[in-house]
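K.L.:
Pasting a structure below so you can have a look.
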Amino acid sequence: MYKILTEQDFIFKNTNANTPEKGNITWKTPSNIALVKYWGKREPQLPENPSISFTLDACFTLTTLEFDKSDNDESIDFDIFFEGEKKETFKPKIATFFKRIQKYVPFITAYKFTINSRNSFPHSSGIASSASGMSALALCVMSLEKQINPTITGDYFNKKASFLARLGSGSASRSIEGELVVWGKHDDFNESSDLYGIKYPTEIHKNFKNYHDTILLVDKGEKQVSSTVGHNLMHQHPFAKQRFAQAHENLSKLNTILQNGNLKEFITIVESEALTLHAMMLTSNPYFILMKPNTLEIINKIWDFRATTNSSVCFTLDAGANVHILFPEKEAEIINKFIVNELLQFCQNGQYICDGVGFGAKQIKNI
Ligand code: DP6
């Protein structure tokens with residue numbers, strides 16, 4: 001039997017519960033890389049199509065939430081420190097997040113929060129920190145809920161953490177568990193929901209165990225167009241309907257591939273998804289380009305290498321110029337050499353990050 005939770009299930013109801021006076025909670029939460037892309041959303045932060053991602057490992061956010069009841073006036077009140085420095089510029093996004101989740105975690109207004117956060121990857125590296133950042137904060141809030149109501153199950157905890165994270169950033173809903181997460185209703189996955197991500201429910205083929213993702217930092221500049229603006233451009237997009245239908249089909253195909261281990265077919269779906277994402281940007285109104293010349297240089301090098309070596313290396317892209325190089329563990333030695341010898345020349349200041357599939361967020365016990 002499976003159970004799909006509804007929005008109502010996430011409303012915290014025990015208003016008479018005892019809330020702790022003060023304390024702090026720390027979570028280490030990974031980034032993720034989508035294989036079938038989420039691009040297009042509607043209120044309240046619901047995806048227009050289902051997506052699936054590999055949870056990463058080396059790219060993470062570490063967030064501590066300090067909570068204190070003594071100094072509060074029943075409003076949402078917090079300070080945010082990033083890498084030790086107070087960051088007023090981060091406040092509006094987090095304030096919006098707290099406002100959106102207040103209905104589901106009303107106890108947050110009883111506290112003054114101090115948030116301390118840092119990323120494992122360089123700031124403004126072009127790696128989106130909203131997935132790991134928002135999921136870390138959502139998990140901290142859920143740990144506070146668990147202190148107030150210790151009876152909640154692990155399954156509910158994860159689903160509500162994903163539900164809350166989604167309200168901060170859509171892709172953050174996929175940064176709670178590992179190794180793969182499906183977010184968005186899809187016929188192949190009985191328990192899937194637009195409201196939260198679920199762990200990919202079937203054992204994956206050994207080819208996809210310890211899959212590598214080496215992230216080539218091509219351009220660290222600020223994006224000209226934010227993801228939120230890009231998502232919204234899908235509303236009037238001439239190809240939106242076909243795109244959303246295609247994402248459903250690609251997720252079905254990938255579901256089969258993840259179980260049968262067919263690497264050639266994996267490559268076809270994953271690269272097509274990456275290029276389709278950027279094709280949506282190229283064909284929206286207004287149109288825009290996030291790839292850089294070196295993004296295309298890298299793609300062409302990968303295609304040349306595959307044509308001459310029968311390698312299973314492939315690429316994917318997120319909403320930026322950086323390239324994620326995906327490859328199986330058994331080919332790691334030879335592909336690492338290829339990356340060093342032929343691809344690093346296209347990275348800004350030679351920067352890259354060796355990452356791979358991880359197992360999800362972890363609470364760090366406070367000393
Ligand atoms: C291209 O999750 O960053 O990375 O919901 O507006 O915060 P918001 O957008 P965001 O969009 C990420 C889009 C993507 C594809 C993906 O991760 O599926």
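Labels for the structure tokens follow display order: chains A, B, ..., residues from 1 in each chain, ligands from 1.
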Taking only C-alpha atoms and all ligand atoms into account, list the residues no farther than 7 Å from ligand 1, as a VMD selection string.
P.N.:
chain A and resid 33 to 34 36 to 39 45 51 128 130 to 131 168 to 172 227 to 228 231 277 318 to 319
K.L.:
Go ahead and write the selection's residues with N, CA, C and O atoms as an mmCIF file, in the first residue's frame.
P.N.:
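Written out: out36.cif:
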data_model
loop_
_atom_site.group_PDB
_atom_site.id
_atom_site.type_symbol
_atom_site.label_atom_id
_atom_site.label_comp_id
_atom_site.auth_asym_id
_atom_site.auth_seq_id
_atom_site.Cartn_x
_atom_site.Cartn_y
_atom_site.Cartn_z
ATOM 1 N N ILE A 33 21.864 17.104 -9.240
ATOM 2 C CA ILE A 33 21.903 17.432 -10.666
ATOM 3 C C ILE A 33 20.785 16.657 -11.371
ATOM 4 O O ILE A 33 20.712 15.433 -11.273
ATOM 5 N N ALA A 34 19.918 17.416 -12.043
ATOM 6 C CA ALA A 34 18.758 16.789 -12.696
ATOM 7 C C ALA A 34 19.178 16.064 -13.964
ATOM 8 O O ALA A 34 20.025 16.549 -14.726
ATOM 9 N N VAL A 36 16.387 14.440 -15.816
ATOM 10 C CA VAL A 36 15.224 15.000 -16.534
ATOM 11 C C VAL A 36 14.932 16.315 -15.823
ATOM 12 O O VAL A 36 14.780 16.349 -14.597
ATOM 13 N N LYS A 37 14.874 17.387 -16.590
ATOM 14 C CA LYS A 37 14.915 18.731 -16.003
ATOM 15 C C LYS A 37 13.539 19.284 -15.632
ATOM 16 O O LYS A 37 12.564 19.075 -16.357
ATOM 17 N N TYR A 38 13.550 20.014 -14.535
ATOM 18 C CA TYR A 38 12.397 20.825 -14.104
ATOM 19 C C TYR A 38 12.585 22.215 -14.713
ATOM 20 O O TYR A 38 13.554 22.897 -14.423
ATOM 21 N N TRP A 39 11.682 22.594 -15.585
ATOM 22 C CA TRP A 39 11.772 23.933 -16.192
ATOM 23 C C TRP A 39 10.350 24.356 -16.529
ATOM 24 O O TRP A 39 9.771 23.932 -17.507
ATOM 25 N N GLN A 45 4.781 27.078 -6.344
ATOM 26 C CA GLN A 45 6.024 26.332 -6.561
ATOM 27 C C GLN A 45 5.765 24.878 -6.956
ATOM 28 O O GLN A 45 6.358 23.960 -6.395
ATOM 29 N N SER A 51 10.532 15.590 -12.637
ATOM 30 C CA SER A 51 11.972 15.582 -12.896
ATOM 31 C C SER A 51 12.626 14.505 -12.028
ATOM 32 O O SER A 51 12.011 14.009 -11.073
ATOM 33 N N ALA A 128 24.464 26.375 -8.474
ATOM 34 C CA ALA A 128 23.286 26.866 -7.768
ATOM 35 C C ALA A 128 23.334 26.386 -6.328
ATOM 36 O O ALA A 128 23.508 25.198 -6.059
ATOM 37 N N SER A 130 20.828 27.200 -4.229
ATOM 38 C CA SER A 130 19.474 27.237 -3.660
ATOM 39 C C SER A 130 18.986 25.846 -3.282
ATOM 40 O O SER A 130 18.283 25.690 -2.290
ATOM 41 N N ALA A 131 19.388 24.806 -4.028
ATOM 42 C CA ALA A 131 18.904 23.452 -3.715
ATOM 43 C C ALA A 131 19.440 23.003 -2.360
ATOM 44 O O ALA A 131 18.671 22.624 -1.465
ATOM 45 N N GLY A 168 10.911 26.878 -0.920
ATOM 46 C CA GLY A 168 12.066 27.777 -1.006
ATOM 47 C C GLY A 168 12.647 27.805 -2.407
ATOM 48 O O GLY A 168 12.910 28.856 -2.978
ATOM 49 N N SER A 169 12.817 26.615 -2.987
ATOM 50 C CA SER A 169 13.329 26.479 -4.356
ATOM 51 C C SER A 169 12.914 25.098 -4.848
ATOM 52 O O SER A 169 13.104 24.102 -4.133
ATOM 53 N N GLY A 170 12.360 25.054 -6.044
ATOM 54 C CA GLY A 170 11.817 23.786 -6.545
ATOM 55 C C GLY A 170 12.814 22.643 -6.471
ATOM 56 O O GLY A 170 12.526 21.572 -5.918
ATOM 57 N N SER A 171 14.022 22.873 -6.991
ATOM 58 C CA SER A 171 14.999 21.782 -7.037
ATOM 59 C C SER A 171 15.454 21.367 -5.638
ATOM 60 O O SER A 171 15.970 20.260 -5.460
ATOM 61 N N ALA A 172 15.245 22.210 -4.630
ATOM 62 C CA ALA A 172 15.621 21.854 -3.257
ATOM 63 C C ALA A 172 14.804 20.671 -2.738
ATOM 64 O O ALA A 172 15.252 19.947 -1.846
ATOM 65 N N SER A 227 16.717 31.628 -12.562
ATOM 66 C CA SER A 227 15.887 30.444 -12.827
ATOM 67 C C SER A 227 14.408 30.801 -12.741
ATOM 68 O O SER A 227 13.608 30.349 -13.559
ATOM 69 N N THR A 228 14.061 31.609 -11.745
ATOM 70 C CA THR A 228 12.645 31.934 -11.554
ATOM 71 C C THR A 228 12.064 32.628 -12.786
ATOM 72 O O THR A 228 10.976 32.287 -13.243
ATOM 73 N N HIS A 231 11.774 29.980 -15.539
ATOM 74 C CA HIS A 231 10.598 29.106 -15.327
ATOM 75 C C HIS A 231 9.335 29.809 -15.804
ATOM 76 O O HIS A 231 8.488 29.215 -16.474
ATOM 77 N N LEU A 277 16.629 21.780 -22.374
ATOM 78 C CA LEU A 277 16.505 22.850 -21.370
ATOM 79 C C LEU A 277 17.000 24.174 -21.967
ATOM 80 O O LEU A 277 16.322 25.204 -21.899
ATOM 81 N N ASP A 318 23.016 22.636 -16.109
ATOM 82 C CA ASP A 318 21.865 23.217 -15.408
ATOM 83 C C ASP A 318 21.654 24.609 -15.993
ATOM 84 O O ASP A 318 22.077 24.864 -17.118
ATOM 85 N N ALA A 319 21.012 25.500 -15.262
ATOM 86 C CA ALA A 319 20.703 26.796 -15.866
ATOM 87 C C ALA A 319 21.915 27.713 -15.773
ATOM 88 O O ALA A 319 21.930 28.692 -15.026
#
K.L.:
Just the residues within 10 Å of region 301-307 of chain A, please, counting only C-alpha atoms, with nothing from its chain fewer than 5 positions along; format it as a ChimeraX atom specification.
P.N.:
/A:296,312-315,325,335,338-339,342-343
K.L.:
For Lys103 (chain A), please output as a list in words all residues within 10 Å (counting only C-alpha atoms; exclusion window: fewer than 3 positions along the same chain).
P.N.:
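Listed by chain and then number, they are Phe10, Ile11, Phe12, Lys13, Phe98, Lys99, Arg100, Pro106, Phe107 and Ile108 of chain A.
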K.L.:
Could you write those residues out with N, CA, C and O atoms, as a compact mmCIF listing (two decimals), in the first residue's frame?
P.N.:
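Result written to selection.txt:
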# COMPACT_ATOMS: atom_id res chain seq x y z
N PHE A 10 0.39 18.33 5.78
CA PHE A 10 1.63 19.01 6.20
C PHE A 10 1.38 20.17 7.16
O PHE A 10 2.32 20.83 7.58
N ILE A 11 0.11 20.42 7.48
CA ILE A 11 -0.18 21.52 8.41
C ILE A 11 0.01 21.03 9.84
O ILE A 11 -0.63 20.05 10.25
N PHE A 12 0.88 21.69 10.56
CA PHE A 12 1.15 21.35 11.96
C PHE A 12 -0.05 21.76 12.79
O PHE A 12 -0.47 22.91 12.76
N LYS A 13 -0.63 20.79 13.51
CA LYS A 13 -1.91 21.11 14.16
C LYS A 13 -1.83 21.22 15.68
O LYS A 13 -2.67 21.85 16.29
N PHE A 98 10.27 31.73 4.72
CA PHE A 98 9.61 31.59 6.02
C PHE A 98 8.13 31.93 5.93
O PHE A 98 7.29 31.26 6.53
N LYS A 99 7.80 32.97 5.15
CA LYS A 99 6.38 33.35 5.00
C LYS A 99 5.60 32.22 4.35
O LYS A 99 4.49 31.90 4.75
N ARG A 100 6.20 31.61 3.31
CA ARG A 100 5.50 30.53 2.61
C ARG A 100 5.29 29.30 3.49
O ARG A 100 4.31 28.59 3.35
N PRO A 106 3.68 26.69 12.08
CA PRO A 106 3.35 27.97 12.73
C PRO A 106 4.22 28.30 13.94
O PRO A 106 4.34 29.47 14.30
N PHE A 107 4.84 27.26 14.52
CA PHE A 107 5.68 27.50 15.70
C PHE A 107 6.90 28.38 15.38
O PHE A 107 7.54 28.89 16.29
N ILE A 108 7.22 28.60 14.10
CA ILE A 108 8.42 29.40 13.80
C ILE A 108 8.29 30.85 14.28
O ILE A 108 9.29 31.51 14.54
K.L.:
Which residues come within 10 Å of Lys206 (chain A), counting only C-alpha atoms, excluding same-chain residues fewer than 2 positions away, as number ranges by chain?
P.N.:
A: 203-204, 208-211, 258-261, 328-329
K.L.:
Residues within 9 Å of Asn24 (chain A), please, as JSON, numbers by chain. Count only C-alpha atoms; anything in the same chain fewer than 2 positions from it doesn't count.
P.N.:
{"A": [22, 26, 64, 65, 66, 67, 68, 140, 144, 366]}
